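**Student:** Right, I'll just put the structure down here and ask away after.
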Amino acid sequence: MAEWSLPPALLLLVLLCAQPCHCGRAPASSQAVTARLAAKWPATPLLLEASEFIAEDGNEKFWQFLETVRELTVYKQGDSEHSYYSLMLKKAGQFLSNLQINLLKFALSIRAYSPTVQMFQQIAADEHPPEGCSAFVVIHEKHTCKTNEIKKLLKKATKRPRPYLFKGDHKFPTLKEDGPVVVLYAEMGTKDFVKFHHILSEKAQKEEIVYVLRHYVQKPSSRKMYLSGYGVELAIKSTEYKAVDDTQLKGMWWALFIISHWRYY
């Protein structure tokens with residue numbers, strides 16, 4: 001039976017040819033990719049988001065919560081964001097159970113009700129808010145941001161077209177449904193909101209009007225609205241031209257060539 005083998009020196013040469021050289025080659029560094037999903041609208045106030053959470057538990061609870069936070073944004077200027085957040089949760093705790101408070105914290109962390117607040121903001125923008133007004137009312141197509149003009153606009157309000165009310169609108173709880181509709185666009189917790197709310201709530205309790213509140217922020221935040229709880233897929237394609245290291249391939253071919261030609265019996 002024929003046998004063949006390689007001399008030790010030649011065998012060493014074959015092994016050296018088959019192994020690629022890594023001398024002077026820096027290891028490839030892995031770079032992590034971080035992705036954040038930002039909405040097209042700016043960050044919305046947490047107080048308004050919390051009110052929408054409570055509104056799902058009942059319209060009356062919404063208005064009760066509103067009464068307790070009528071001027072809550074005053075504390076936001078002096079206290080830290082954490083203190084303001086804790087105070088807001090304390091106010092909400094008067095109407096929610098411990099389990100609901102935990103759910104509220106989770107909803108605020110993922111900004112679940114920010115789209116709802118932004119929806120009202122967009123409706124307000126379509127109404128063309130009066131310039132320089134942080135709160136205004138619309139009474140059957142008539143706008144004003146002055147409380148002393150409300151009485152005047154109510155006189156012939158029923159002769160003008162009645163506004164369309166959306167399913168998510170916050171209507172002050174009264175039995176009257178056929179009176180003139182007054183829609184207040186304001187940010188709850190502000191002083192300007194309190195001025196309008198005091199007048200409109202009294203008229204609604206006397207069944208003189210149908211009082212509807214919609215969120216409106218005159219000066220939206222400059223911060224981006226980052227969303228959580230959404231899946232993001234990154235399809236990254238490298239367009240760089242890279243040189244292929246074929247030293248390993250050449251070494252293997254040389255080893256096969258030497259082995260195939262070095263045979264003896």
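Letters A, B, ... go to the chains of the structure tokens in the order shown; residues in each chain start at 1; ligands are counted from 1 in the same order.
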Which neighbours of stretch 39-44 of chain A fall inside 9 Å, counting only C-alpha atoms, when residues of the same chain fewer than 6 positions from it are skipped, and could you give them as number ranges by chain?

**Tutor:** A: 111, 114-115, 117-118, 217, 220-227

**Student:** When DSSP is applied to the backbone of this structure, which of stretch 128-247 of chain A are assigned strand (DSSP E or B)? Write them out as a PyMOL selection string.

**Tutor:** chain A and resi 136-139+142-144+170-171+181-186+210-215+224-227

**Student:** Ranking A:Lys151, A:Lys237, A:Lys191, A:His215 by minimum distance to A:Lys203 and counting only C-alpha atoms, which one comes first?

**Tutor:**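 Looking at the shortest contact to A:Lys203, the residue is A:Lys151.
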
**Student:** Between atom CA of A:Arg214 and atom CA of A:Tyr185, measure the distance and give it in Å to one decimal.

**Tutor:**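 Separating atom CA of A:Arg214 from atom CA of A:Tyr185 is a distance of 5.0 Å.
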
**Student:** Please indicate the distance in Å from atom CA of A:Ala35 to atom CA of A:Ser80, rounded to one decimal place.

**Tutor:**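 One can read the atom CA of A:Ala35 to atom CA of A:Ser80 distance as 28.3 Å.
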
**Student:** Report as a PyMOL selection string all protein, DNA and RNA residues lying within 12 Å of A:Lys167, evaluated on only C-alpha atoms, omitting residues in the same chain fewer than 3 positions from it.

**Tutor:** chain A and resi 59+116+120+164+170-171+212+214

**Student:** Using only all heavy atoms, please write the residues we just selected to a file, as a JSON list (two decimals), in the first residue's frame.

**Tutor:**
[["chain", "number", "residue", "atom", "x", "y", "z"],
["A", 59, "ASN", "N", -66.97, 61.38, 34.12],
["A", 59, "ASN", "CA", -66.95, 62.81, 33.86],
["A", 59, "ASN", "C", -66.98, 63.63, 35.15],
["A", 59, "ASN", "O", -66.31, 64.67, 35.26],
["A", 59, "ASN", "CB", -68.14, 63.19, 32.97],
["A", 59, "ASN", "CG", -68.10, 64.64, 32.53],
["A", 59, "ASN", "OD1", -67.09, 65.11, 32.03],
["A", 59, "ASN", "ND2", -69.20, 65.35, 32.75],
["A", 116, "THR", "N", -54.07, 62.38, 23.14],
["A", 116, "THR", "CA", -55.39, 62.96, 23.41],
["A", 116, "THR", "C", -55.29, 64.46, 23.68],
["A", 116, "THR", "O", -56.08, 65.25, 23.16],
["A", 116, "THR", "CB", -56.05, 62.27, 24.61],
["A", 116, "THR", "OG1", -56.10, 60.85, 24.38],
["A", 116, "THR", "CG2", -57.46, 62.78, 24.84],
["A", 120, "PHE", "N", -56.80, 67.88, 21.30],
["A", 120, "PHE", "CA", -57.49, 69.12, 21.68],
["A", 120, "PHE", "C", -56.69, 70.34, 21.25],
["A", 120, "PHE", "O", -57.26, 71.36, 20.85],
["A", 120, "PHE", "CB", -57.73, 69.14, 23.19],
["A", 120, "PHE", "CG", -58.82, 68.23, 23.65],
["A", 120, "PHE", "CD1", -58.54, 67.11, 24.43],
["A", 120, "PHE", "CD2", -60.14, 68.49, 23.33],
["A", 120, "PHE", "CE1", -59.55, 66.27, 24.85],
["A", 120, "PHE", "CE2", -61.16, 67.65, 23.74],
["A", 120, "PHE", "CZ", -60.86, 66.53, 24.52],
["A", 164, "TYR", "N", -70.17, 71.81, 16.86],
["A", 164, "TYR", "CA", -70.16, 70.36, 16.92],
["A", 164, "TYR", "C", -69.36, 69.92, 18.13],
["A", 164, "TYR", "O", -68.25, 70.40, 18.37],
["A", 164, "TYR", "CB", -69.55, 69.78, 15.65],
["A", 164, "TYR", "CG", -69.46, 68.27, 15.64],
["A", 164, "TYR", "CD1", -70.56, 67.50, 15.31],
["A", 164, "TYR", "CD2", -68.27, 67.62, 15.99],
["A", 164, "TYR", "CE1", -70.49, 66.12, 15.30],
["A", 164, "TYR", "CE2", -68.18, 66.25, 15.98],
["A", 164, "TYR", "CZ", -69.29, 65.50, 15.64],
["A", 164, "TYR", "OH", -69.22, 64.12, 15.64],
["A", 170, "HIS", "N", -65.14, 67.44, 27.29],
["A", 170, "HIS", "CA", -65.44, 67.46, 28.72],
["A", 170, "HIS", "C", -66.55, 68.49, 28.97],
["A", 170, "HIS", "O", -66.32, 69.69, 28.95],
["A", 170, "HIS", "CB", -64.19, 67.81, 29.52],
["A", 170, "HIS", "CG", -63.03, 66.90, 29.23],
["A", 170, "HIS", "ND1", -63.05, 65.55, 29.54],
["A", 170, "HIS", "CD2", -61.83, 67.14, 28.64],
["A", 170, "HIS", "CE1", -61.90, 65.00, 29.16],
["A", 170, "HIS", "NE2", -61.15, 65.95, 28.61],
["A", 171, "LYS", "N", -67.74, 67.96, 29.20],
["A", 171, "LYS", "CA", -68.92, 68.82, 29.38],
["A", 171, "LYS", "C", -69.26, 68.91, 30.85],
["A", 171, "LYS", "O", -69.35, 67.89, 31.55],
["A", 171, "LYS", "CB", -70.09, 68.26, 28.57],
["A", 171, "LYS", "CG", -71.30, 69.16, 28.53],
["A", 171, "LYS", "CD", -72.27, 68.76, 27.43],
["A", 171, "LYS", "CE", -72.73, 67.33, 27.59],
["A", 171, "LYS", "NZ", -73.73, 66.97, 26.56],
["A", 212, "VAL", "N", -68.33, 73.59, 27.99],
["A", 212, "VAL", "CA", -67.44, 72.53, 27.48],
["A", 212, "VAL", "C", -66.00, 73.02, 27.60],
["A", 212, "VAL", "O", -65.70, 74.17, 27.24],
["A", 212, "VAL", "CB", -67.76, 72.18, 26.01],
["A", 212, "VAL", "CG1", -66.76, 71.14, 25.48],
["A", 212, "VAL", "CG2", -69.18, 71.66, 25.89],
["A", 214, "ARG", "N", -61.94, 72.34, 26.61],
["A", 214, "ARG", "CA", -60.96, 71.67, 25.75],
["A", 214, "ARG", "C", -59.57, 72.19, 26.10],
["A", 214, "ARG", "O", -59.39, 73.38, 26.31],
["A", 214, "ARG", "CB", -61.26, 71.92, 24.27],
["A", 214, "ARG", "CG", -62.54, 71.23, 23.78],
["A", 214, "ARG", "CD", -62.88, 71.63, 22.36],
["A", 214, "ARG", "NE", -64.11, 70.98, 21.91],
["A", 214, "ARG", "CZ", -64.76, 71.31, 20.79],
["A", 214, "ARG", "NH1", -64.28, 72.28, 20.01],
["A", 214, "ARG", "NH2", -65.88, 70.68, 20.47]]

**Student:** Give me, as a list of chain:residue names, the residues of stretch 103-144 of chain A that a backbone DSSP run labels alpha helix (DSSP H).

**Tutor:**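 The residues of stretch 103-144 of chain A classed as alpha helix (DSSP H) are A:Leu103, A:Leu104, A:Lys105, A:Phe106, A:Ala107, A:Leu108, A:Ser109, A:Ser114, A:Pro115, A:Thr116, A:Val117, A:Gln118, A:Met119, A:Phe120, A:Gln121, A:Gln122, A:Ile123, A:Ala124, A:Ala125, A:Asp126.
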
**Student:** Based on the selection just made, write all heavy atoms of those residues as a compact mmCIF listing (two decimals), in the first residue's frame.

**Tutor:**
# COMPACT_ATOMS: atom_id res chain seq x y z
N LEU A 103 -51.35 52.68 38.07
CA LEU A 103 -51.64 52.70 36.64
C LEU A 103 -51.43 54.09 36.05
O LEU A 103 -50.96 54.24 34.92
CB LEU A 103 -53.07 52.23 36.38
CG LEU A 103 -53.37 50.75 36.67
CD1 LEU A 103 -54.84 50.45 36.48
CD2 LEU A 103 -52.53 49.86 35.75
N LEU A 104 -51.77 55.12 36.83
CA LEU A 104 -51.56 56.50 36.38
C LEU A 104 -50.08 56.78 36.20
O LEU A 104 -49.66 57.40 35.21
CB LEU A 104 -52.18 57.47 37.38
CG LEU A 104 -51.89 58.96 37.14
CD1 LEU A 104 -52.40 59.40 35.77
CD2 LEU A 104 -52.52 59.82 38.24
N LYS A 105 -49.27 56.34 37.16
CA LYS A 105 -47.82 56.53 37.05
C LYS A 105 -47.28 55.86 35.78
O LYS A 105 -46.44 56.43 35.07
CB LYS A 105 -47.11 55.95 38.28
CG LYS A 105 -47.38 56.70 39.57
CD LYS A 105 -46.65 56.02 40.73
CE LYS A 105 -46.91 56.74 42.05
NZ LYS A 105 -46.23 56.06 43.19
N PHE A 106 -47.77 54.66 35.52
CA PHE A 106 -47.32 53.95 34.32
C PHE A 106 -47.77 54.68 33.06
O PHE A 106 -46.99 54.82 32.10
CB PHE A 106 -47.87 52.52 34.34
CG PHE A 106 -47.53 51.72 33.11
CD1 PHE A 106 -46.23 51.29 32.90
CD2 PHE A 106 -48.49 51.43 32.17
CE1 PHE A 106 -45.90 50.56 31.76
CE2 PHE A 106 -48.18 50.70 31.04
CZ PHE A 106 -46.88 50.26 30.83
N ALA A 107 -49.02 55.15 33.05
CA ALA A 107 -49.54 55.87 31.88
C ALA A 107 -48.75 57.16 31.62
O ALA A 107 -48.49 57.51 30.47
CB ALA A 107 -51.02 56.18 32.08
N LEU A 108 -48.38 57.84 32.70
CA LEU A 108 -47.59 59.07 32.54
C LEU A 108 -46.17 58.77 32.06
O LEU A 108 -45.58 59.56 31.32
CB LEU A 108 -47.55 59.84 33.87
CG LEU A 108 -48.88 60.41 34.37
CD1 LEU A 108 -48.70 61.08 35.72
CD2 LEU A 108 -49.47 61.39 33.37
N SER A 109 -45.63 57.63 32.48
CA SER A 109 -44.26 57.29 32.09
C SER A 109 -44.15 56.98 30.61
O SER A 109 -43.13 57.27 29.98
CB SER A 109 -43.76 56.10 32.93
OG SER A 109 -44.48 54.92 32.60
N SER A 114 -50.82 61.60 25.95
CA SER A 114 -50.32 62.76 25.23
C SER A 114 -51.01 62.96 23.88
O SER A 114 -51.32 64.10 23.52
CB SER A 114 -48.80 62.65 25.04
OG SER A 114 -48.29 63.76 24.36
N PRO A 115 -51.28 61.90 23.11
CA PRO A 115 -52.01 62.11 21.85
C PRO A 115 -53.39 62.73 22.05
O PRO A 115 -53.83 63.52 21.21
CB PRO A 115 -52.11 60.69 21.27
CG PRO A 115 -50.96 59.96 21.86
CD PRO A 115 -50.82 60.50 23.25
N THR A 116 -54.07 62.38 23.14
CA THR A 116 -55.39 62.96 23.41
C THR A 116 -55.29 64.46 23.68
O THR A 116 -56.08 65.25 23.16
CB THR A 116 -56.05 62.27 24.61
OG1 THR A 116 -56.10 60.85 24.38
CG2 THR A 116 -57.46 62.78 24.84
N VAL A 117 -54.30 64.84 24.48
CA VAL A 117 -54.08 66.26 24.77
C VAL A 117 -53.74 67.01 23.48
O VAL A 117 -54.23 68.11 23.24
CB VAL A 117 -52.98 66.44 25.82
CG1 VAL A 117 -52.68 67.92 26.04
CG2 VAL A 117 -53.38 65.77 27.13
N GLN A 118 -52.91 66.40 22.65
CA GLN A 118 -52.53 67.04 21.39
C GLN A 118 -53.71 67.16 20.45
O GLN A 118 -53.79 68.10 19.65
CB GLN A 118 -51.39 66.24 20.74
CG GLN A 118 -50.93 66.79 19.41
CD GLN A 118 -50.40 68.21 19.49
OE1 GLN A 118 -49.97 68.65 20.55
NE2 GLN A 118 -50.42 68.91 18.38
N MET A 119 -54.65 66.23 20.53
CA MET A 119 -55.85 66.30 19.70
C MET A 119 -56.62 67.59 20.00
O MET A 119 -57.04 68.32 19.09
CB MET A 119 -56.74 65.08 19.94
CG MET A 119 -58.06 65.12 19.19
SD MET A 119 -59.26 63.91 19.80
CE MET A 119 -59.65 64.60 21.42
N PHE A 120 -56.80 67.88 21.30
CA PHE A 120 -57.49 69.12 21.68
C PHE A 120 -56.69 70.34 21.25
O PHE A 120 -57.26 71.36 20.85
CB PHE A 120 -57.73 69.14 23.19
CG PHE A 120 -58.82 68.23 23.65
CD1 PHE A 120 -58.54 67.11 24.43
CD2 PHE A 120 -60.14 68.49 23.33
CE1 PHE A 120 -59.55 66.27 24.85
CE2 PHE A 120 -61.16 67.65 23.74
CZ PHE A 120 -60.86 66.53 24.52
N GLN A 121 -55.38 70.25 21.33
CA GLN A 121 -54.52 71.35 20.91
C GLN A 121 -54.71 71.64 19.42
O GLN A 121 -54.74 72.81 19.00
CB GLN A 121 -53.06 71.02 21.21
CG GLN A 121 -52.07 72.13 20.91
CD GLN A 121 -52.08 73.22 21.97
OE1 GLN A 121 -52.77 73.11 22.97
NE2 GLN A 121 -51.34 74.28 21.73
N GLN A 122 -54.87 70.60 18.63
CA GLN A 122 -55.07 70.77 17.20
C GLN A 122 -56.45 71.36 16.91
O GLN A 122 -56.60 72.21 16.02
CB GLN A 122 -54.92 69.42 16.49
CG GLN A 122 -54.97 69.53 14.97
CD GLN A 122 -53.88 70.41 14.41
OE1 GLN A 122 -52.72 70.28 14.78
NE2 GLN A 122 -54.25 71.33 13.52
N ILE A 123 -57.46 70.94 17.69
CA ILE A 123 -58.79 71.51 17.52
C ILE A 123 -58.77 73.00 17.83
O ILE A 123 -59.40 73.82 17.13
CB ILE A 123 -59.81 70.78 18.42
CG1 ILE A 123 -59.96 69.33 17.99
CG2 ILE A 123 -61.16 71.48 18.40
CD1 ILE A 123 -60.82 68.49 18.92
N ALA A 124 -58.04 73.36 18.89
CA ALA A 124 -57.92 74.78 19.25
C ALA A 124 -57.22 75.57 18.15
O ALA A 124 -57.58 76.71 17.86
CB ALA A 124 -57.17 74.92 20.57
N ALA A 125 -56.20 74.97 17.53
CA ALA A 125 -55.48 75.65 16.46
C ALA A 125 -56.39 75.91 15.26
O ALA A 125 -56.26 76.95 14.59
CB ALA A 125 -54.26 74.83 16.04
N ASP A 126 -57.32 75.00 15.01
CA ASP A 126 -58.27 75.19 13.91
C ASP A 126 -59.26 76.31 14.19
O ASP A 126 -59.89 76.83 13.26
CB ASP A 126 -59.02 73.89 13.65
CG ASP A 126 -58.11 72.79 13.12
OD1 ASP A 126 -57.02 73.13 12.59
OD2 ASP A 126 -58.47 71.60 13.25

**Student:** Can you work out which one of A:Pro173, A:Lys146, A:Pro180, A:Glu141 has the shortest atom-to-atom distance to A:Glu127, counting only C-alpha atoms?

**Tutor:** A:Glu141

**Student:** So how many Å separate atom CA of A:Phe172 and atom CA of A:Leu87, to one decimal?

**Tutor:**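 For atom CA of A:Phe172 relative to atom CA of A:Leu87, the distance reads 24.8 Å.
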
**Student:** Between A:Lys195, A:Lys90, A:Arg70, A:Lys219, which has the minimum distance to A:Phe136 (counting only C-alpha atoms)?

**Tutor:**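 The shortest atom-to-atom distance to A:Phe136 comes from A:Lys195.
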
**Student:** Env of A:Pro130: 8 Å cut, atoms = only C-alpha atoms, seq-sep filter 5 positions within chain, self excluded. Answer as a ChimeraX atom specification.

**Tutor:** /A:136,143-145

**Student:** Restricting it to N, CA, C and O atoms, dump the selection as a JSON list (two decimals), in the first residue's frame.

**Tutor:**
[["chain", "number", "residue", "atom", "x", "y", "z"],
["A", 136, "PHE", "N", -59.31, 81.33, 25.89],
["A", 136, "PHE", "CA", -60.37, 82.03, 25.14],
["A", 136, "PHE", "C", -61.60, 81.13, 25.04],
["A", 136, "PHE", "O", -61.51, 79.91, 25.23],
["A", 143, "HIS", "N", -65.48, 84.50, 18.99],
["A", 143, "HIS", "CA", -64.33, 84.29, 19.87],
["A", 143, "HIS", "C", -64.09, 85.51, 20.75],
["A", 143, "HIS", "O", -64.31, 86.64, 20.34],
["A", 144, "THR", "N", -63.61, 85.24, 21.95],
["A", 144, "THR", "CA", -63.15, 86.30, 22.83],
["A", 144, "THR", "C", -62.24, 85.73, 23.92],
["A", 144, "THR", "O", -62.41, 84.58, 24.33],
["A", 145, "CYS", "N", -61.31, 86.55, 24.34],
["A", 145, "CYS", "CA", -60.46, 86.15, 25.47],
["A", 145, "CYS", "C", -60.65, 87.12, 26.63],
["A", 145, "CYS", "O", -59.80, 87.21, 27.52]]

**Student:** Measuring between only C-alpha atoms, which one of A:Leu213, A:Val137, A:Ala92, A:Ala50 shows the shortest distance to A:Gly168?

**Tutor:**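 So, comparing all the options, the nearest one is A:Leu213.
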